[in-house]
Amino acid sequence: MSTTESASHHNELERKSISELLQGMNTEDRSVPEAVAASLPQIENLIAEIVSKMKQGGRLFYMGAGTSGRLGIVDASECPPTFGVDFGRVIGIIAGGDGAIRKAVEFAEDDEEQGWKDLRTFNITQNDVVVGIAASGRTPYVIGALKKCNEEGISTGCVVCNAGSAVAAVSKFPVEVVVGPEFVTGSTRLKSGTAQKLVLNMLTTCTFIQLGHVKGNKMVDMQLSNYKLVDRGTRMVMEETGLNAQEAKALLLKEGSVRLAVDSLKK
């Protein structure tokens with residue numbers, strides 16, 4: 001039996017108080033960062049490949065089903081506002097199509113051929129990297145896509161939560177984060193989902209830092225898509241230039257990003 005399907009360490013959950021349930025879940029959740037830490041060398045290898053391919057104009061694709069697919073879409077959607085990159089640089093694909101983001105599509109994950117068909121709609125090339133996300137490590141939708149990518153010379157990676165899985169076996173750069181049994185047996189949206197989210201944070205954040213979209217510790221290319229971000233950007237421009245708030249905000253809005261605002265004064 002796979003680790004993600006093994007029995008919970010906590011029994012008779014229906015008899016427990018809210019406090020006891022919370023304590024049990026929190027105890028399990030504490031183990032997740034340690035599991036991620038054990039996988040850092042694998043994560044580093046995958047990031048290095050993503051950075052290399054993106055420097056050649058490539059893209060990062062996430063593929064998954066259910067919770068795994070949704071996590072990939074969330075991470076992909078947050079890259080443009082955070083780092084100021086095009087929406088096409090990181091793409092999340094979920095089994096069953098966009099409708100599956102909100103409502104499960106029955107048996108969509110069991111189609112081993114559909115994943116490659118979905119990738120082909122994006123004119124995927126050898127400059128791209130495809131990362132399969134699958135807590136179980138046995139999702140046919142993901143396995144089929146990764147197999148075909150390997151045949152086509154496209155770099156492949158994965159984020160799974162079982163050791164020795166089928167998904168990892170067909171990935172050139174596997175990441176295996178084994179978090180152990182879930183609080184509710186088999187409910188991989190819990191610890192497994194948390195671990196996957198942490199890894200995806202690392203993949204895109206480290207990649208775009210390496211590609212120059214962060215200066216110091218600031219998101220200098222972030223999109224100014226709401227008042228909060230305009231205020232944040234204004235403070236960043238003030239720190240970098242010595243301008244007062246009114247001047248910094250006017251320059252920021254004129255140039256469109258912190259980087260461009262600061263650079264405009266250096267010319």
# chains A, B, ... in the order shown; residues from 1 in each chain; ligands from 1

$ closest_atom_pairs --of "segment 161-241 of chain A" --to "segment 25-36 of chain A" --cutoff "10 Å" --atoms "only C-alpha atoms" --output "Markdown table"
| residue | atom | partner | partner_atom | distance |
| --- | --- | --- | --- | --- |
| A:Cys161 | CA | A:Ala35 | CA | 9.5 |
| A:Val175 | CA | A:Val36 | CA | 9.3 |
| A:Glu176 | CA | A:Val36 | CA | 8.5 |
| A:Val177 | CA | A:Ala35 | CA | 5.7 |
| A:Val178 | CA | A:Ala35 | CA | 6.1 |
| A:Val179 | CA | A:Ala35 | CA | 5.8 |
| A:Gly180 | CA | A:Ser31 | CA | 8.7 |
| A:Pro181 | CA | A:Glu28 | CA | 8.8 |
| A:Glu182 | CA | A:Glu28 | CA | 7.6 |
| A:Phe183 | CA | A:Met25 | CA | 6.2 |
| A:Val184 | CA | A:Met25 | CA | 9.1 |
| A:Leu190 | CA | A:Asp29 | CA | 8.2 |
| A:Lys191 | CA | A:Asp29 | CA | 6.1 |
| A:Ser192 | CA | A:Val32 | CA | 8.1 |
| A:Gly193 | CA | A:Val32 | CA | 9.8 |
| A:Thr194 | CA | A:Val32 | CA | 7.3 |
| A:Ala195 | CA | A:Val32 | CA | 5.9 |
| A:Gln196 | CA | A:Val36 | CA | 8.9 |
| A:Leu198 | CA | A:Val36 | CA | 7.7 |
| A:Val199 | CA | A:Val36 | CA | 7.2 |

$ write_last_selection --atoms "N, CA and C atoms" --output "mmCIF file, in the first residue's frame"
data_model
loop_
_atom_site.group_PDB
_atom_site.id
_atom_site.type_symbol
_atom_site.label_atom_id
_atom_site.label_comp_id
_atom_site.auth_asym_id
_atom_site.auth_seq_id
_atom_site.Cartn_x
_atom_site.Cartn_y
_atom_site.Cartn_z
ATOM 1 N N CYS A 161 4.194 12.385 -3.521
ATOM 2 C CA CYS A 161 4.285 12.191 -2.071
ATOM 3 C C CYS A 161 4.406 10.729 -1.670
ATOM 4 N N VAL A 175 10.774 14.955 -7.815
ATOM 5 C CA VAL A 175 10.796 15.459 -6.439
ATOM 6 C C VAL A 175 9.821 14.616 -5.639
ATOM 7 N N GLU A 176 10.334 13.897 -4.659
ATOM 8 C CA GLU A 176 9.514 13.001 -3.843
ATOM 9 C C GLU A 176 9.498 13.512 -2.407
ATOM 10 N N VAL A 177 8.330 13.990 -1.974
ATOM 11 C CA VAL A 177 8.173 14.510 -0.615
ATOM 12 C C VAL A 177 7.225 13.573 0.133
ATOM 13 N N VAL A 178 7.789 12.683 0.914
ATOM 14 C CA VAL A 178 6.999 11.641 1.573
ATOM 15 C C VAL A 178 6.579 12.134 2.953
ATOM 16 N N VAL A 179 5.317 12.517 3.064
ATOM 17 C CA VAL A 179 4.825 13.127 4.301
ATOM 18 C C VAL A 179 4.160 12.126 5.239
ATOM 19 N N GLY A 180 3.988 10.888 4.809
ATOM 20 C CA GLY A 180 3.381 9.881 5.666
ATOM 21 C C GLY A 180 1.869 9.884 5.618
ATOM 22 N N PRO A 181 1.221 9.092 6.463
ATOM 23 C CA PRO A 181 -0.240 8.977 6.447
ATOM 24 C C PRO A 181 -0.921 10.310 6.722
ATOM 25 N N GLU A 182 -2.084 10.503 6.109
ATOM 26 C CA GLU A 182 -2.854 11.718 6.323
ATOM 27 C C GLU A 182 -3.676 11.621 7.614
ATOM 28 N N PHE A 183 -4.060 12.778 8.138
ATOM 29 C CA PHE A 183 -4.880 12.817 9.358
ATOM 30 C C PHE A 183 -6.188 12.074 9.130
ATOM 31 N N VAL A 184 -6.833 12.339 8.004
ATOM 32 C CA VAL A 184 -7.977 11.540 7.550
ATOM 33 C C VAL A 184 -7.421 10.606 6.470
ATOM 34 N N LEU A 190 -4.645 17.267 2.361
ATOM 35 C CA LEU A 190 -4.135 17.729 3.647
ATOM 36 C C LEU A 190 -2.606 17.858 3.604
ATOM 37 N N LYS A 191 -1.862 16.957 4.246
ATOM 38 C CA LYS A 191 -0.400 17.100 4.296
ATOM 39 C C LYS A 191 0.240 17.058 2.917
ATOM 40 N N SER A 192 -0.229 16.173 2.074
ATOM 41 C CA SER A 192 0.354 16.064 0.729
ATOM 42 C C SER A 192 0.156 17.363 -0.045
ATOM 43 N N GLY A 193 -1.066 17.923 0.037
ATOM 44 C CA GLY A 193 -1.342 19.176 -0.652
ATOM 45 C C GLY A 193 -0.493 20.316 -0.115
ATOM 46 N N THR A 194 -0.304 20.340 1.200
ATOM 47 C CA THR A 194 0.551 21.363 1.803
ATOM 48 C C THR A 194 1.977 21.233 1.319
ATOM 49 N N ALA A 195 2.477 20.008 1.272
ATOM 50 C CA ALA A 195 3.848 19.773 0.798
ATOM 51 C C ALA A 195 3.996 20.199 -0.653
ATOM 52 N N GLN A 196 3.030 19.865 -1.482
ATOM 53 C CA GLN A 196 3.088 20.245 -2.887
ATOM 54 C C GLN A 196 3.101 21.763 -3.035
ATOM 55 N N LEU A 198 4.203 23.975 -0.918
ATOM 56 C CA LEU A 198 5.520 24.470 -0.503
ATOM 57 C C LEU A 198 6.551 24.283 -1.605
ATOM 58 N N VAL A 199 6.528 23.134 -2.258
ATOM 59 C CA VAL A 199 7.490 22.865 -3.330
ATOM 60 C C VAL A 199 7.235 23.773 -4.525
#

$ residues_around --residues "segment 138-149 of chain A" --least-positions-apart "5" --cutoff "12 Å" --atoms "only C-alpha atoms" --output "PyMOL selection string"
chain A and resi 2+4+61-66+68-69+93-97+107-120+124-133+154-174

$ atom_distance --atom1 "atom CA of Phe122 of chain A" --atom2 "atom CA of Lys103 of chain A"
23.5 Å

$ residues_around --residues "segment 236-238 of chain A" --least-positions-apart "3" --cutoff "9 Å" --atoms "only C-alpha atoms" --output "PyMOL selection string"
chain A and resi 218+220+231-233+241-245+247-249+251-252+258-259+261-262

$ write_last_selection --atoms "C-alpha atoms" --output "mmCIF file, in the first residue's frame"
data_model
loop_
_atom_site.group_PDB
_atom_site.id
_atom_site.type_symbol
_atom_site.label_atom_id
_atom_site.label_comp_id
_atom_site.auth_asym_id
_atom_site.auth_seq_id
_atom_site.Cartn_x
_atom_site.Cartn_y
_atom_site.Cartn_z
ATOM 1 C CA LYS A 218 11.850 43.174 -3.351
ATOM 2 C CA VAL A 220 10.611 45.063 -8.409
ATOM 3 C CA ASP A 231 1.436 51.675 -2.034
ATOM 4 C CA ARG A 232 4.047 48.940 -1.666
ATOM 5 C CA GLY A 233 5.713 49.978 -4.902
ATOM 6 C CA THR A 241 15.577 56.987 -4.766
ATOM 7 C CA GLY A 242 15.007 59.245 -1.779
ATOM 8 C CA LEU A 243 11.919 60.781 -3.409
ATOM 9 C CA ASN A 244 8.993 61.767 -1.231
ATOM 10 C CA ALA A 245 5.762 59.757 -1.349
ATOM 11 C CA GLU A 247 6.963 62.077 -6.217
ATOM 12 C CA ALA A 248 7.625 58.352 -5.897
ATOM 13 C CA LYS A 249 4.005 57.413 -6.594
ATOM 14 C CA LEU A 251 7.011 58.237 -11.058
ATOM 15 C CA LEU A 252 5.878 54.678 -10.333
ATOM 16 C CA VAL A 258 9.413 49.738 -9.484
ATOM 17 C CA ARG A 259 12.325 48.640 -11.669
ATOM 18 C CA ALA A 261 10.822 53.881 -12.066
ATOM 19 C CA VAL A 262 14.182 53.503 -10.360
#

$ closest_residue --among "A:Ala38, A:Leu253, A:Phe83, A:Glu239" --to "His213 of chain A" --atoms "only C-alpha atoms"
A:Phe83

$ select_by_dssp --residues "segment 100-231 of chain A" --states "strand (DSSP E or B)" --output "list in words"
Val129, Val130, Val131, Gly132, Ile133, Ala134, Ser155, Thr156, Gly157, Cys158, Val159, Val160, Phe173, Pro174, Val175, Glu176, Lys215 and Lys218 of chain A

$ write_last_selection --atoms "C-alpha atoms" --output "PDB file, in the first residue's frame"
ATOM      1  CA  VAL A 129       9.656  21.872 -18.884  1.00  0.00           C
ATOM      2  CA  VAL A 130       6.653  19.800 -17.818  1.00  0.00           C
ATOM      3  CA  VAL A 131       6.161  19.068 -14.108  1.00  0.00           C
ATOM      4  CA  GLY A 132       3.579  16.461 -13.153  1.00  0.00           C
ATOM      5  CA  ILE A 133       1.933  16.981  -9.774  1.00  0.00           C
ATOM      6  CA  ALA A 134       0.425  13.865  -8.235  1.00  0.00           C
ATOM      7  CA  SER A 155      12.360  17.968 -19.900  1.00  0.00           C
ATOM      8  CA  THR A 156      10.143  16.387 -17.255  1.00  0.00           C
ATOM      9  CA  GLY A 157       9.830  16.684 -13.499  1.00  0.00           C
ATOM     10  CA  CYS A 158       7.288  15.844 -10.847  1.00  0.00           C
ATOM     11  CA  VAL A 159       6.130  16.520  -7.308  1.00  0.00           C
ATOM     12  CA  VAL A 160       4.843  13.349  -5.646  1.00  0.00           C
ATOM     13  CA  PHE A 173      13.883  15.402 -12.409  1.00  0.00           C
ATOM     14  CA  PRO A 174      11.622  13.832  -9.770  1.00  0.00           C
ATOM     15  CA  VAL A 175      10.796  15.459  -6.439  1.00  0.00           C
ATOM     16  CA  GLU A 176       9.514  13.001  -3.843  1.00  0.00           C
ATOM     17  CA  LYS A 215      16.204  42.844  -6.430  1.00  0.00           C
ATOM     18  CA  LYS A 218      11.850  43.174  -3.351  1.00  0.00           C
TER      19      LYS A 218
END

$ residues_around --residues "Thr204 of chain A" --least-positions-apart "6" --cutoff "10 Å" --atoms "only C-alpha atoms" --output "compact mmCIF listing (two decimals) with N, CA and C atoms, in the first residue's frame"
# COMPACT_ATOMS: atom_id res chain seq x y z
N ILE A 47 14.82 22.90 -10.30
CA ILE A 47 14.87 24.34 -10.52
C ILE A 47 15.98 24.70 -11.50
N ILE A 50 14.70 24.10 -14.91
CA ILE A 50 13.69 25.09 -15.31
C ILE A 50 14.36 26.41 -15.69
N VAL A 51 15.31 26.85 -14.87
CA VAL A 51 16.02 28.12 -15.15
C VAL A 51 16.74 28.03 -16.49
N LEU A 60 7.28 26.84 -18.24
CA LEU A 60 7.05 25.81 -17.24
C LEU A 60 5.59 25.42 -17.28
N ASP A 75 -0.45 28.33 -8.47
CA ASP A 75 0.94 28.82 -8.50
C ASP A 75 1.24 29.51 -9.83
N ALA A 76 0.76 28.94 -10.92
CA ALA A 76 1.00 29.55 -12.23
C ALA A 76 0.34 30.92 -12.33
N GLU A 78 -0.24 33.05 -10.08
CA GLU A 78 0.34 34.07 -9.21
C GLU A 78 1.68 34.60 -9.70
N CYS A 79 2.26 33.97 -10.71
CA CYS A 79 3.57 34.42 -11.20
C CYS A 79 3.53 35.76 -11.91
N PHE A 83 5.84 38.60 -10.27
CA PHE A 83 7.14 38.80 -10.92
C PHE A 83 7.07 39.61 -12.21
N VAL A 90 4.35 30.46 -17.15
CA VAL A 90 4.03 29.32 -16.30
C VAL A 90 2.56 28.99 -16.52
N GLN A 210 16.32 33.76 -9.84
CA GLN A 210 17.48 33.45 -10.68
C GLN A 210 17.42 34.19 -12.01

$ decode --residues "segment 191-234 of chain A" --atoms "N, CA and C atoms" --output "mmCIF file, in the first residue's frame"
data_model
loop_
_atom_site.group_PDB
_atom_site.id
_atom_site.type_symbol
_atom_site.label_atom_id
_atom_site.label_comp_id
_atom_site.auth_asym_id
_atom_site.auth_seq_id
_atom_site.Cartn_x
_atom_site.Cartn_y
_atom_site.Cartn_z
ATOM 1 N N LYS A 191 -1.862 16.957 4.246
ATOM 2 C CA LYS A 191 -0.400 17.100 4.296
ATOM 3 C C LYS A 191 0.240 17.058 2.917
ATOM 4 N N SER A 192 -0.229 16.173 2.074
ATOM 5 C CA SER A 192 0.354 16.064 0.729
ATOM 6 C C SER A 192 0.156 17.363 -0.045
ATOM 7 N N GLY A 193 -1.066 17.923 0.037
ATOM 8 C CA GLY A 193 -1.342 19.176 -0.652
ATOM 9 C C GLY A 193 -0.493 20.316 -0.115
ATOM 10 N N THR A 194 -0.304 20.340 1.200
ATOM 11 C CA THR A 194 0.551 21.363 1.803
ATOM 12 C C THR A 194 1.977 21.233 1.319
ATOM 13 N N ALA A 195 2.477 20.008 1.272
ATOM 14 C CA ALA A 195 3.848 19.773 0.798
ATOM 15 C C ALA A 195 3.996 20.199 -0.653
ATOM 16 N N GLN A 196 3.030 19.865 -1.482
ATOM 17 C CA GLN A 196 3.088 20.245 -2.887
ATOM 18 C C GLN A 196 3.101 21.763 -3.035
ATOM 19 N N LYS A 197 2.271 22.460 -2.269
ATOM 20 C CA LYS A 197 2.231 23.917 -2.326
ATOM 21 C C LYS A 197 3.586 24.507 -1.953
ATOM 22 N N LEU A 198 4.203 23.975 -0.918
ATOM 23 C CA LEU A 198 5.520 24.470 -0.503
ATOM 24 C C LEU A 198 6.551 24.283 -1.605
ATOM 25 N N VAL A 199 6.528 23.134 -2.258
ATOM 26 C CA VAL A 199 7.490 22.865 -3.330
ATOM 27 C C VAL A 199 7.235 23.773 -4.525
ATOM 28 N N LEU A 200 5.981 23.957 -4.899
ATOM 29 C CA LEU A 200 5.677 24.825 -6.030
ATOM 30 C C LEU A 200 6.103 26.257 -5.734
ATOM 31 N N ASN A 201 5.905 26.711 -4.492
ATOM 32 C CA ASN A 201 6.409 28.028 -4.103
ATOM 33 C C ASN A 201 7.897 28.145 -4.397
ATOM 34 N N MET A 202 8.625 27.101 -4.037
ATOM 35 C CA MET A 202 10.073 27.097 -4.237
ATOM 36 C C MET A 202 10.438 27.109 -5.716
ATOM 37 N N LEU A 203 9.740 26.303 -6.500
ATOM 38 C CA LEU A 203 10.074 26.190 -7.922
ATOM 39 C C LEU A 203 9.993 27.541 -8.623
ATOM 40 N N THR A 204 8.863 28.215 -8.491
ATOM 41 C CA THR A 204 8.700 29.460 -9.238
ATOM 42 C C THR A 204 9.429 30.629 -8.587
ATOM 43 N N THR A 205 9.423 30.691 -7.261
ATOM 44 C CA THR A 205 10.106 31.810 -6.606
ATOM 45 C C THR A 205 11.599 31.780 -6.887
ATOM 46 N N CYS A 206 12.226 30.628 -6.694
ATOM 47 C CA CYS A 206 13.667 30.532 -6.945
ATOM 48 C C CYS A 206 13.980 30.734 -8.425
ATOM 49 N N THR A 207 13.131 30.206 -9.289
ATOM 50 C CA THR A 207 13.357 30.371 -10.730
ATOM 51 C C THR A 207 13.366 31.842 -11.116
ATOM 52 N N PHE A 208 12.372 32.596 -10.685
ATOM 53 C CA PHE A 208 12.282 33.986 -11.126
ATOM 54 C C PHE A 208 13.262 34.901 -10.388
ATOM 55 N N ILE A 209 13.697 34.486 -9.209
ATOM 56 C CA ILE A 209 14.834 35.193 -8.591
ATOM 57 C C ILE A 209 16.076 34.994 -9.441
ATOM 58 N N GLN A 210 16.318 33.758 -9.841
ATOM 59 C CA GLN A 210 17.480 33.454 -10.676
ATOM 60 C C GLN A 210 17.424 34.189 -12.006
ATOM 61 N N LEU A 211 16.228 34.433 -12.503
ATOM 62 C CA LEU A 211 16.056 35.112 -13.785
ATOM 63 C C LEU A 211 16.015 36.633 -13.647
ATOM 64 N N GLY A 212 16.222 37.136 -12.412
ATOM 65 C CA GLY A 212 16.400 38.567 -12.226
ATOM 66 C C GLY A 212 15.165 39.366 -11.917
ATOM 67 N N HIS A 213 14.074 38.725 -11.499
ATOM 68 C CA HIS A 213 12.835 39.450 -11.259
ATOM 69 C C HIS A 213 12.673 39.912 -9.817
ATOM 70 N N VAL A 214 13.699 39.723 -9.009
ATOM 71 C CA VAL A 214 13.720 40.221 -7.632
ATOM 72 C C VAL A 214 15.044 40.944 -7.425
ATOM 73 N N LYS A 215 14.990 42.102 -6.750
ATOM 74 C CA LYS A 215 16.204 42.844 -6.430
ATOM 75 C C LYS A 215 16.289 43.013 -4.927
ATOM 76 N N GLY A 216 17.406 42.595 -4.348
ATOM 77 C CA GLY A 216 17.489 42.559 -2.893
ATOM 78 C C GLY A 216 16.514 41.518 -2.401
ATOM 79 N N ASN A 217 15.442 41.953 -1.784
ATOM 80 C CA ASN A 217 14.344 41.042 -1.432
ATOM 81 C C ASN A 217 13.006 41.601 -1.898
ATOM 82 N N LYS A 218 13.047 42.464 -2.901
ATOM 83 C CA LYS A 218 11.850 43.174 -3.351
ATOM 84 C C LYS A 218 11.361 42.688 -4.713
ATOM 85 N N MET A 219 10.020 42.689 -4.856
ATOM 86 C CA MET A 219 9.384 42.298 -6.117
ATOM 87 C C MET A 219 9.357 43.507 -7.055
ATOM 88 N N VAL A 220 10.486 43.823 -7.645
ATOM 89 C CA VAL A 220 10.611 45.063 -8.409
ATOM 90 C C VAL A 220 9.856 45.030 -9.734
ATOM 91 N N ASP A 221 9.416 43.860 -10.175
ATOM 92 C CA ASP A 221 8.676 43.757 -11.430
ATOM 93 C C ASP A 221 7.198 43.458 -11.221
ATOM 94 N N MET A 222 6.732 43.519 -9.974
ATOM 95 C CA MET A 222 5.330 43.164 -9.700
ATOM 96 C C MET A 222 4.376 44.077 -10.454
ATOM 97 N N GLN A 223 3.210 43.521 -10.783
ATOM 98 C CA GLN A 223 2.186 44.289 -11.469
ATOM 99 C C GLN A 223 1.444 45.184 -10.471
ATOM 100 N N LEU A 224 1.159 46.401 -10.873
ATOM 101 C CA LEU A 224 0.472 47.358 -10.003
ATOM 102 C C LEU A 224 -1.034 47.206 -10.185
ATOM 103 N N SER A 225 -1.554 46.089 -9.714
ATOM 104 C CA SER A 225 -2.927 45.706 -10.028
ATOM 105 C C SER A 225 -3.939 46.082 -8.956
ATOM 106 N N ASN A 226 -3.497 46.693 -7.858
ATOM 107 C CA ASN A 226 -4.433 47.178 -6.846
ATOM 108 C C ASN A 226 -3.737 48.245 -5.994
ATOM 109 N N TYR A 227 -4.520 48.933 -5.167
ATOM 110 C CA TYR A 227 -3.973 50.046 -4.373
ATOM 111 C C TYR A 227 -2.889 49.576 -3.412
ATOM 112 N N LYS A 228 -3.059 48.382 -2.846
ATOM 113 C CA LYS A 228 -2.055 47.867 -1.919
ATOM 114 C C LYS A 228 -0.698 47.747 -2.599
ATOM 115 N N LEU A 229 -0.692 47.223 -3.821
ATOM 116 C CA LEU A 229 0.571 47.045 -4.527
ATOM 117 C C LEU A 229 1.150 48.380 -4.985
ATOM 118 N N VAL A 230 0.291 49.337 -5.310
ATOM 119 C CA VAL A 230 0.785 50.678 -5.645
ATOM 120 C C VAL A 230 1.461 51.300 -4.430
ATOM 121 N N ASP A 231 0.843 51.143 -3.261
ATOM 122 C CA ASP A 231 1.436 51.675 -2.034
ATOM 123 C C ASP A 231 2.765 50.989 -1.727
ATOM 124 N N ARG A 232 2.804 49.675 -1.902
ATOM 125 C CA ARG A 232 4.047 48.940 -1.666
ATOM 126 C C ARG A 232 5.127 49.410 -2.630
ATOM 127 N N GLY A 233 4.752 49.526 -3.906
ATOM 128 C CA GLY A 233 5.713 49.978 -4.902
ATOM 129 C C GLY A 233 6.214 51.379 -4.626
ATOM 130 N N THR A 234 5.317 52.245 -4.150
ATOM 131 C CA THR A 234 5.707 53.616 -3.823
ATOM 132 C C THR A 234 6.768 53.625 -2.734
#
